[in-house]
Every structure is written in structure tokens, then in C-alpha cells.
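Pasting final06.cif here (mmCIF, C-alpha atoms (C1' of nucleotides)):
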data_my_file
#
loop_
_atom_site.label_atom_id
_atom_site.label_comp_id
_atom_site.auth_asym_id
_atom_site.auth_seq_id
_atom_site.Cartn_x
_atom_site.Cartn_y
_atom_site.Cartn_z
CA MET T 1 -10.46 -33.81 34.67
CA LYS T 2 -12.43 -31.10 36.42
CA LEU T 3 -11.84 -31.03 40.18
CA ALA T 4 -13.41 -28.71 42.72
CA THR T 5 -13.08 -28.08 46.45
CA TRP T 6 -15.65 -26.36 48.67
CA ASN T 7 -15.84 -25.72 52.39
CA VAL T 8 -19.65 -25.81 52.72
CA ASN T 9 -19.99 -24.90 56.44
CA SER T 10 -22.58 -27.65 57.15
CA ILE T 11 -23.63 -29.94 54.30
CA ARG T 12 -27.13 -30.23 55.78
CA GLN T 13 -27.57 -26.45 55.49
CA ARG T 14 -26.03 -26.37 52.00
CA ALA T 15 -27.24 -29.62 50.36
CA GLU T 16 -29.62 -28.02 47.84
CA GLN T 17 -27.16 -25.29 46.81
CA VAL T 18 -24.33 -27.78 46.40
CA ALA T 19 -26.53 -30.12 44.34
CA ARG T 20 -27.61 -27.27 42.07
CA TRP T 21 -23.99 -26.23 41.56
CA VAL T 22 -22.84 -29.81 40.90
CA LYS T 23 -25.54 -30.16 38.27
CA ARG T 24 -24.45 -26.95 36.54
CA ALA T 25 -20.66 -27.16 36.94
CA ALA T 26 -20.44 -30.95 36.56
CA PRO T 27 -17.08 -31.52 38.28
CA ASP T 28 -15.63 -35.01 37.97
CA ILE T 29 -14.51 -34.82 41.59
CA LEU T 30 -15.76 -32.51 44.35
CA LEU T 31 -13.99 -32.30 47.71
CA LEU T 32 -16.12 -31.04 50.59
CA GLN T 33 -15.04 -29.70 53.98
CA GLU T 34 -16.82 -28.76 57.22
CA LEU T 35 -19.68 -31.22 56.80
CA LYS T 36 -20.47 -30.70 60.52
CA CYS T 37 -22.31 -34.01 60.70
CA GLU T 38 -21.77 -37.74 60.93
CA ALA T 39 -21.76 -39.83 57.76
CA ALA T 40 -25.31 -41.10 58.37
CA ALA T 41 -26.66 -37.54 58.11
CA PHE T 42 -24.87 -36.79 54.80
CA PRO T 43 -27.38 -36.34 51.92
CA GLU T 44 -25.83 -39.19 49.96
CA THR T 45 -28.84 -40.05 47.75
CA LEU T 46 -29.17 -36.45 46.56
CA PHE T 47 -25.75 -36.76 44.93
CA ALA T 48 -26.16 -40.41 43.91
CA GLU T 49 -29.08 -39.26 41.78
CA LEU T 50 -26.68 -36.92 39.99
CA GLY T 51 -24.24 -39.77 39.33
CA TYR T 52 -21.81 -39.20 42.20
CA ARG T 53 -20.52 -41.77 44.66
CA ALA T 54 -19.43 -40.43 48.04
CA GLU T 55 -16.68 -41.28 50.51
CA ILE T 56 -17.63 -39.58 53.76
CA VAL T 57 -15.46 -39.00 56.82
CA GLY T 58 -18.02 -37.50 59.17
CA GLN T 59 -17.87 -36.07 62.67
CA LYS T 60 -20.57 -34.67 64.92
CA ALA T 61 -20.74 -30.85 64.99
CA TYR T 62 -17.19 -30.14 63.81
CA ASN T 63 -14.94 -30.80 60.83
CA GLY T 64 -15.98 -33.56 58.42
CA VAL T 65 -14.71 -34.12 54.86
CA ALA T 66 -16.02 -35.99 51.85
CA VAL T 67 -15.25 -36.79 48.24
CA LEU T 68 -17.95 -36.91 45.60
CA SER T 69 -16.84 -38.49 42.33
CA ARG T 70 -18.53 -39.43 39.10
CA LEU T 71 -15.32 -41.25 38.12
CA PRO T 72 -14.77 -44.74 39.55
CA PHE T 73 -12.44 -44.52 42.56
CA GLU T 74 -10.83 -46.47 45.36
CA THR T 75 -10.49 -45.09 48.87
CA ARG T 76 -6.87 -45.00 50.07
CA ALA T 77 -7.18 -43.28 53.47
CA ARG T 78 -9.79 -41.86 55.85
CA ALA T 79 -7.28 -40.10 58.10
CA LEU T 80 -3.99 -38.33 57.49
CA PRO T 81 -1.16 -40.88 57.80
CA GLY T 82 1.37 -40.02 60.51
CA LEU T 83 -1.02 -38.50 63.03
CA PRO T 84 -1.36 -40.18 66.43
CA PRO T 85 -4.11 -42.84 66.55
CA HIS T 86 -6.03 -40.96 69.28
CA ASP T 87 -6.55 -38.06 66.83
CA THR T 88 -10.11 -38.62 65.60
CA GLN T 89 -10.73 -35.23 63.97
CA ALA T 90 -12.28 -35.75 60.52
CA ARG T 91 -9.89 -33.70 58.40
CA TYR T 92 -8.54 -35.92 55.62
CA VAL T 93 -9.81 -38.30 52.96
CA GLU T 94 -7.77 -39.76 50.11
CA ILE T 95 -8.89 -41.56 46.98
CA GLU T 96 -7.39 -42.72 43.70
CA ALA T 97 -9.30 -42.02 40.49
CA ALA T 98 -8.10 -42.17 36.88
CA GLY T 99 -4.58 -42.91 38.10
CA VAL T 100 -4.47 -39.78 40.26
CA VAL T 101 -4.24 -39.74 44.06
CA VAL T 102 -6.50 -37.03 45.46
CA GLY T 103 -6.22 -35.88 49.08
CA GLY T 104 -9.08 -33.81 50.51
CA ILE T 105 -7.79 -31.43 53.17
CA TYR T 106 -9.35 -29.63 56.11
CA ALA T 107 -6.34 -28.27 57.96
CA PRO T 108 -6.79 -27.01 61.54
CA ASN T 109 -7.56 -23.31 61.95
CA GLY T 110 -5.08 -22.93 64.82
CA ASN T 111 -6.64 -19.89 66.49
CA SER T 112 -8.57 -21.77 69.18
CA GLY T 113 -7.06 -23.76 72.02
CA GLY T 114 -4.17 -21.43 72.68
CA ASP T 115 -0.61 -22.66 72.16
CA ASP T 116 -1.78 -26.27 71.97
CA GLY T 117 -4.25 -25.39 69.21
CA PHE T 118 -1.57 -23.71 67.13
CA ALA T 119 0.90 -26.53 67.78
CA TYR T 120 -1.75 -28.99 66.52
CA LYS T 121 -2.06 -27.00 63.30
CA LEU T 122 1.71 -27.13 62.73
CA ALA T 123 1.89 -30.85 63.59
CA TRP T 124 -0.92 -31.53 61.14
CA LEU T 125 0.84 -29.58 58.37
CA ASP T 126 4.06 -31.44 59.17
CA ALA T 127 2.32 -34.82 58.80
CA LEU T 128 0.81 -33.63 55.51
CA ALA T 129 4.23 -32.65 54.14
CA VAL T 130 5.78 -35.97 55.18
CA HIS T 131 2.94 -37.87 53.50
CA ALA T 132 3.16 -35.75 50.34
CA ALA T 133 6.94 -36.29 50.22
CA HIS T 134 6.44 -40.06 50.25
CA LEU T 135 3.92 -39.94 47.41
CA LEU T 136 6.00 -37.55 45.31
CA ALA T 137 9.16 -39.61 45.83
CA ALA T 138 7.32 -42.43 44.06
CA ASP T 139 6.26 -40.05 41.24
CA THR T 140 2.60 -40.48 42.16
CA PRO T 141 0.33 -38.07 40.25
CA LEU T 142 -1.08 -36.15 43.23
CA ILE T 143 -3.67 -33.49 43.97
CA LEU T 144 -3.90 -32.07 47.48
CA ALA T 145 -6.87 -29.75 47.71
CA GLY T 146 -9.14 -28.22 50.29
CA ASP T 147 -9.23 -25.68 53.09
CA PHE T 148 -5.63 -25.25 54.25
CA ASN T 149 -6.49 -22.38 56.62
CA ILE T 150 -3.40 -20.50 55.42
CA CYS T 151 -3.09 -17.25 53.46
CA PRO T 152 0.22 -18.07 51.72
CA THR T 153 1.33 -14.45 51.22
CA ASP T 154 0.17 -10.91 51.97
CA ALA T 155 -1.38 -10.86 48.48
CA ASP T 156 -3.79 -13.56 49.67
CA LEU T 157 -5.82 -11.45 52.07
CA ALA T 158 -7.46 -8.04 52.03
CA PRO T 159 -5.24 -5.50 53.80
CA GLY T 160 -6.02 -5.49 57.50
CA ALA T 161 -8.45 -8.40 57.29
CA LEU T 162 -6.46 -10.35 59.89
CA ALA T 163 -4.16 -9.48 62.76
CA PRO T 164 -0.46 -10.29 62.12
CA GLU T 165 -0.56 -12.89 64.92
CA ASP T 166 -3.54 -14.69 63.40
CA ALA T 167 -2.84 -18.40 62.85
CA LEU T 168 -3.81 -18.08 59.17
CA VAL T 169 -0.93 -15.70 58.45
CA ARG T 170 1.65 -16.60 61.12
CA PRO T 171 5.11 -17.19 59.62
CA GLU T 172 5.12 -20.79 60.88
CA SER T 173 1.83 -21.49 59.06
CA ARG T 174 3.12 -19.92 55.86
CA ALA T 175 6.35 -21.92 56.14
CA GLY T 176 4.20 -25.06 56.36
CA PHE T 177 2.52 -24.13 53.10
CA ARG T 178 5.80 -23.23 51.37
CA ARG T 179 7.22 -26.59 52.43
CA LEU T 180 4.53 -28.24 50.28
CA LEU T 181 5.51 -26.03 47.34
CA TRP T 182 9.20 -26.86 47.85
CA LEU T 183 8.32 -30.53 47.52
CA GLY T 184 7.35 -29.72 43.95
CA LEU T 185 3.63 -29.03 44.30
CA THR T 186 2.11 -26.20 42.22
CA ASP T 187 -0.51 -23.78 43.61
CA ALA T 188 -2.97 -24.05 40.68
CA LEU T 189 -4.82 -20.76 41.19
CA ARG T 190 -1.63 -18.70 41.54
CA ALA T 191 0.07 -20.51 38.65
CA LEU T 192 -2.58 -19.21 36.25
CA HIS T 193 -3.40 -15.93 38.07
CA PRO T 194 -0.09 -14.74 39.53
CA THR T 195 -1.09 -11.16 40.41
CA GLU T 196 -4.90 -11.19 40.56
CA ARG T 197 -6.80 -10.29 43.73
CA LEU T 198 -8.22 -13.73 44.51
CA PHE T 199 -10.13 -14.75 47.61
CA THR T 200 -12.00 -17.94 48.51
CA PHE T 201 -13.44 -16.94 51.89
CA TRP T 202 -15.34 -13.89 53.09
CA ASP T 203 -16.53 -13.45 56.67
CA TYR T 204 -20.30 -13.32 57.21
CA GLN T 205 -19.85 -10.18 59.28
CA ALA T 206 -19.50 -6.53 58.46
CA SER T 207 -20.42 -6.93 54.76
CA ALA T 208 -17.07 -8.55 54.10
CA PHE T 209 -18.22 -10.05 50.80
CA ASP T 210 -19.77 -6.81 49.48
CA ALA T 211 -16.55 -4.99 50.37
CA ASP T 212 -14.46 -7.87 48.96
CA ARG T 213 -12.59 -8.16 52.26
CA GLY T 214 -11.64 -11.79 51.85
CA LEU T 215 -8.95 -14.40 52.30
CA ARG T 216 -7.43 -16.99 49.95
CA ILE T 217 -7.21 -20.09 52.13
CA ASP T 218 -8.68 -22.83 49.90
CA HIS T 219 -6.04 -24.26 47.60
CA VAL T 220 -5.47 -26.88 44.91
CA LEU T 221 -1.90 -28.22 44.79
CA LEU T 222 -0.71 -30.28 41.82
CA SER T 223 2.23 -32.64 41.40
CA PRO T 224 4.56 -31.80 38.46
CA THR T 225 3.04 -33.94 35.70
CA LEU T 226 -0.46 -32.76 36.61
CA ALA T 227 0.66 -29.13 36.75
CA GLU T 228 1.82 -29.53 33.14
CA ARG T 229 -1.80 -30.37 32.28
CA LEU T 230 -3.35 -27.39 34.10
CA VAL T 231 -5.59 -25.40 31.74
CA ALA T 232 -7.99 -23.48 34.03
CA ALA T 233 -8.41 -22.46 37.66
CA SER T 234 -11.09 -20.22 39.12
CA VAL T 235 -13.10 -19.19 42.19
CA GLU T 236 -16.87 -19.55 41.91
CA ARG T 237 -17.74 -16.26 43.59
CA ALA T 238 -21.40 -16.51 42.56
CA GLU T 239 -21.89 -19.30 45.11
CA ARG T 240 -20.76 -16.95 47.90
CA ALA T 241 -23.30 -14.38 46.65
CA ALA T 242 -26.17 -16.91 46.77
CA PRO T 243 -28.84 -16.75 49.51
CA HIS T 244 -27.70 -18.34 52.82
CA PRO T 245 -24.29 -19.23 51.47
CA SER T 246 -21.26 -20.88 52.98
CA ASP T 247 -18.58 -18.36 53.92
CA HIS T 248 -16.32 -20.12 51.35
CA ALA T 249 -16.68 -20.27 47.55
CA PRO T 250 -15.74 -23.32 45.46
CA VAL T 251 -12.33 -23.45 43.77
CA VAL T 252 -12.35 -25.25 40.42
CA VAL T 253 -9.39 -26.62 38.45
CA THR T 254 -9.40 -28.17 34.98
CA LEU T 255 -6.65 -30.51 33.79
CA ASP T 256 -6.19 -31.41 30.13
"C1'" DA A 1 -8.83 -6.11 65.95
"C1'" DT A 2 -13.15 -8.26 66.25
"C1'" DG A 3 -17.28 -13.16 66.97
"C1'" DC A 4 -21.26 -7.78 64.91
"C1'" DC A 5 -22.71 -13.82 61.49
"C1'" DG A 6 -23.83 -18.42 61.30
"C1'" DG A 7 -23.01 -23.18 62.13
"C1'" DG A 8 -23.14 -26.69 65.89
"C1'" DT A 9 -25.00 -28.87 70.58
"C1'" DC A 10 -25.44 -30.91 76.44
"C1'" DC A 11 -31.89 -26.64 74.23
"C1'" DT A 12 -29.75 -22.43 75.37
"C1'" DA A 13 -25.69 -20.31 76.66
"C1'" DC A 14 -21.65 -21.41 74.81
"C1'" DC A 15 -18.10 -23.36 71.58
"C1'" DC A 16 -15.99 -22.87 67.05
"C1'" DG A 17 -14.94 -20.91 62.68
"C1'" DA A 18 -10.99 -17.51 59.97
#

The structure given in the file should be rewritten as C-alpha cells.
Amino acid sequence: MKLATWNVNSIRQRAEQVARWVKRAAPDILLLQELKCEAAAFPETLFAELGYRAEIVGQKAYNGVAVLSRLPFETRARALPGLPPHDTQARYVEIEAAGVVVGGIYAPNGNSGGDDGFAYKLAWLDALAVHAAHLLAADTPLILAGDFNICPTDADLAPGALAPEDALVRPESRAGFRRLLWLGLTDALRALHPTERLFTFWDYQASAFDADRGLRIDHVLLSPTLAERLVAASVERAERAAPHPSDHAPVVVTLD
DNA sequence: ATGCCGGGTCCTACCCGA
């Protein structure tokens, strides 16, 4: 199984690039984040023509996640279980394909909205950990992948790229990420590239990409039996170098 | 340390991203 995740920063702006990449890379499953549109505006037929069925959790202007799969799948959830019902932010979609539960993640950034905004980020991560714990307790083969908006360690950002009080590196955010690892999930990129300088996001400003001043905030987490099958994990930097790119590059994982 | 970039929308000044 080849699985990829990509924060596209507007699927309407990125449709042609994503379709070209899908054609070339041929992932079995592609998780998308920051669609920035409602489901009706998602370019569904473009991907149907390439053999992919979509599950779209859209939202006007902000957020928005989707799964594209060329494997048959069933949808299990269109919101993160455990969040209050009045929370309508489109940040989670969960499917089951080939016996594997796949959760597509767009975790809150946590820098806007002051204390409430950061508290929302932590509450969201807490709900994610509780949900993951339930699935893992039942030995469910599980992949949680997407934009977690967390640099797990100081090795996961260019020196000085963020202030110490930034929500992406705050100790509470990093503890939220470690909690997922303590549940038994494996960070696929770091498992195969323990010391490499690896980023998945580069700011549009100040030539951040050319200077390789990036962040590693997009992650693929694998449950134990799937981690045993991990054979490759990479960042598709060429997509960040393309004309009019997203500020994120795809992360791709291959399981035997 | 930042909103210089780039997306969105109440169409245009402002919000949000990381």
C-alpha cells in the first residue's frame, strides 16, 4: 500500500498539480488537507477519471479534508469522535480500506484566537489520542496521517524558523504528539530517516524554500503491525518547487 | 520575530495560515 498526505492550501488552486502528481506517483490512498471549499466545489470528476473515489469533508474558506482512494473503502467518520457536536470545523475524515483504518488529520494551528485558540488545539489533540487509544486497544491496523501542525522536536524545524512560544513548538503541543507515540504509533518518516534534515512545509515568504528554512509538521503515524511493514517514507520536495505551489509538500509512505 | 506570500470572503480590507 502506498499512502500519501498533502496539505494543498486550496484544492481549487491546486487541482491540476495534484492530478498530475497522482498520475505520476499513483498512491493507493491520498489524504488532502486545507481544501478551503465546500464539497460541491471539489474537482471530484478530475480524480474519478484517474480511478479515485473521494470522500470529502468540505468547509467554506477554511479547513476541509478529503480522502482519495483507488482501493474500495467504507467511510467510518466525517468528524473526530469526542469533539462537542457544535464543533463544525472540517478537520477529520476516517475510512477503512484493505482492512486498515485511515484517519486524515488537519489539526488546529493554535496560533490564532489567543488562549482559546491554543486550548482548542490541545482539546483536539486530546480527542485524537482518546480515539486512537480505543482503536489500538482493539488491535485495529491504523494509519493517522495529515497536517498535525506540530514540529515534534527541535530537529523538525530550521533553527530560528519559529519563536519558542509558537503553538507549533510549544511543549504542550509536543506532549500531545508524544502521547500518540506512547500509544504505540510509529512516526514513519523518522523511523526510516532518524537524523536527516526533513521538512514538509516552507513559508511562501522570504525565500524560505530556497533557503530550506522549513518545518516538519505533516506526519504519517502507523500502528505496530503496519510499522513492521514500512519499507519507504519520503517528502516530495519537487511539488513544493513547482510553479504556484502549496506551502506544503506531499509525504509518501509505502507498506509491504 | 514576522504576515514581506498567498489563500479565502461580506469585493476589498481583513482574516487565517505556520

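Using only C-alpha atoms (C1' of nucleotides), we find that the part of chain A lying within 8 Å of chain T comprises A:DA1, A:DC4, A:DC5, A:DG6, A:DG7, A:DG8, A:DT9, A:DC16, A:DG17, A:DA18.
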
| message | Rounded to one decimal, what separation in Å do you get between atom CA of T:Ser173 and atom CA of T:Leu32? | response | 22.0 Å

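Distances from T:Arg91, T:Arg190, T:Arg174, T:Lys2 to T:Ala107 were compared using all atoms listed in the file, and the smallest one belongs to T:Arg91.
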
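With atom CA of T:Ala133 on one side and atom CA of T:Ser223 on the other, the separation reads 10.6 Å.
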
| task | One decimal, Å: what's the distance from atom CA of T:Phe199 over to atom CA of T:Leu125, could you say? | result |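 We find that atom CA of T:Phe199 and atom CA of T:Leu125 lie 21.4 Å from each other.
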
| task | Run the PyMOL selection byres ((chain T and resi 54) around 9) on the file and write out the hits as number ranges by chain. | result | T: 44, 47-48, 52-53, 55-56, 66-69

Selected by the PyMOL selection byres ((chain T and resi 225) around 10) in the shown coordinates: which residues, as an mmCIF file with C-alpha atoms, in the frame of the given file?
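As a result, expr08.cif now contains:
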data_model
loop_
_atom_site.group_PDB
_atom_site.id
_atom_site.type_symbol
_atom_site.label_atom_id
_atom_site.label_comp_id
_atom_site.auth_asym_id
_atom_site.auth_seq_id
_atom_site.Cartn_x
_atom_site.Cartn_y
_atom_site.Cartn_z
ATOM 1 C CA ASP T 139 6.260 -40.050 41.240
ATOM 2 C CA THR T 140 2.600 -40.480 42.160
ATOM 3 C CA PRO T 141 0.330 -38.070 40.250
ATOM 4 C CA LEU T 142 -1.080 -36.150 43.230
ATOM 5 C CA LEU T 185 3.630 -29.030 44.300
ATOM 6 C CA LEU T 222 -0.710 -30.280 41.820
ATOM 7 C CA SER T 223 2.230 -32.640 41.400
ATOM 8 C CA PRO T 224 4.560 -31.800 38.460
ATOM 9 C CA LEU T 226 -0.460 -32.760 36.610
ATOM 10 C CA ALA T 227 0.660 -29.130 36.750
ATOM 11 C CA GLU T 228 1.820 -29.530 33.140
ATOM 12 C CA ARG T 229 -1.800 -30.370 32.280
ATOM 13 C CA LEU T 230 -3.350 -27.390 34.100
#

| said: Taking 2 positions as the minimum chain separation for residues in the same chain, which residues sit within 7 Å of stretch 23-31 of chain T when counting all atoms listed in the file? Answer as number ranges by chain. | reply: T: 1-6, 19-21, 33, 66-71, 104, 146

| task | Name the residues captured by the PyMOL selection byres ((chain T and resi 221) around 7) when it is applied to the shown file; answer as a ChimeraX atom specification. | result | /T:143-145,185-188,219-220,222-223

| For T:Arg78: contacts at 8 Å, only C-alpha atoms (C1' of nucleotides), fewer than 6 positions along chain excluded, given as a ChimeraX atom specification | /T:57,92-94

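With only C-alpha atoms as the basis for measurement, T:Leu83 is the residue among T:Ala77, T:Leu35, T:Leu83, T:Leu198 that approaches T:Ala127 most closely.
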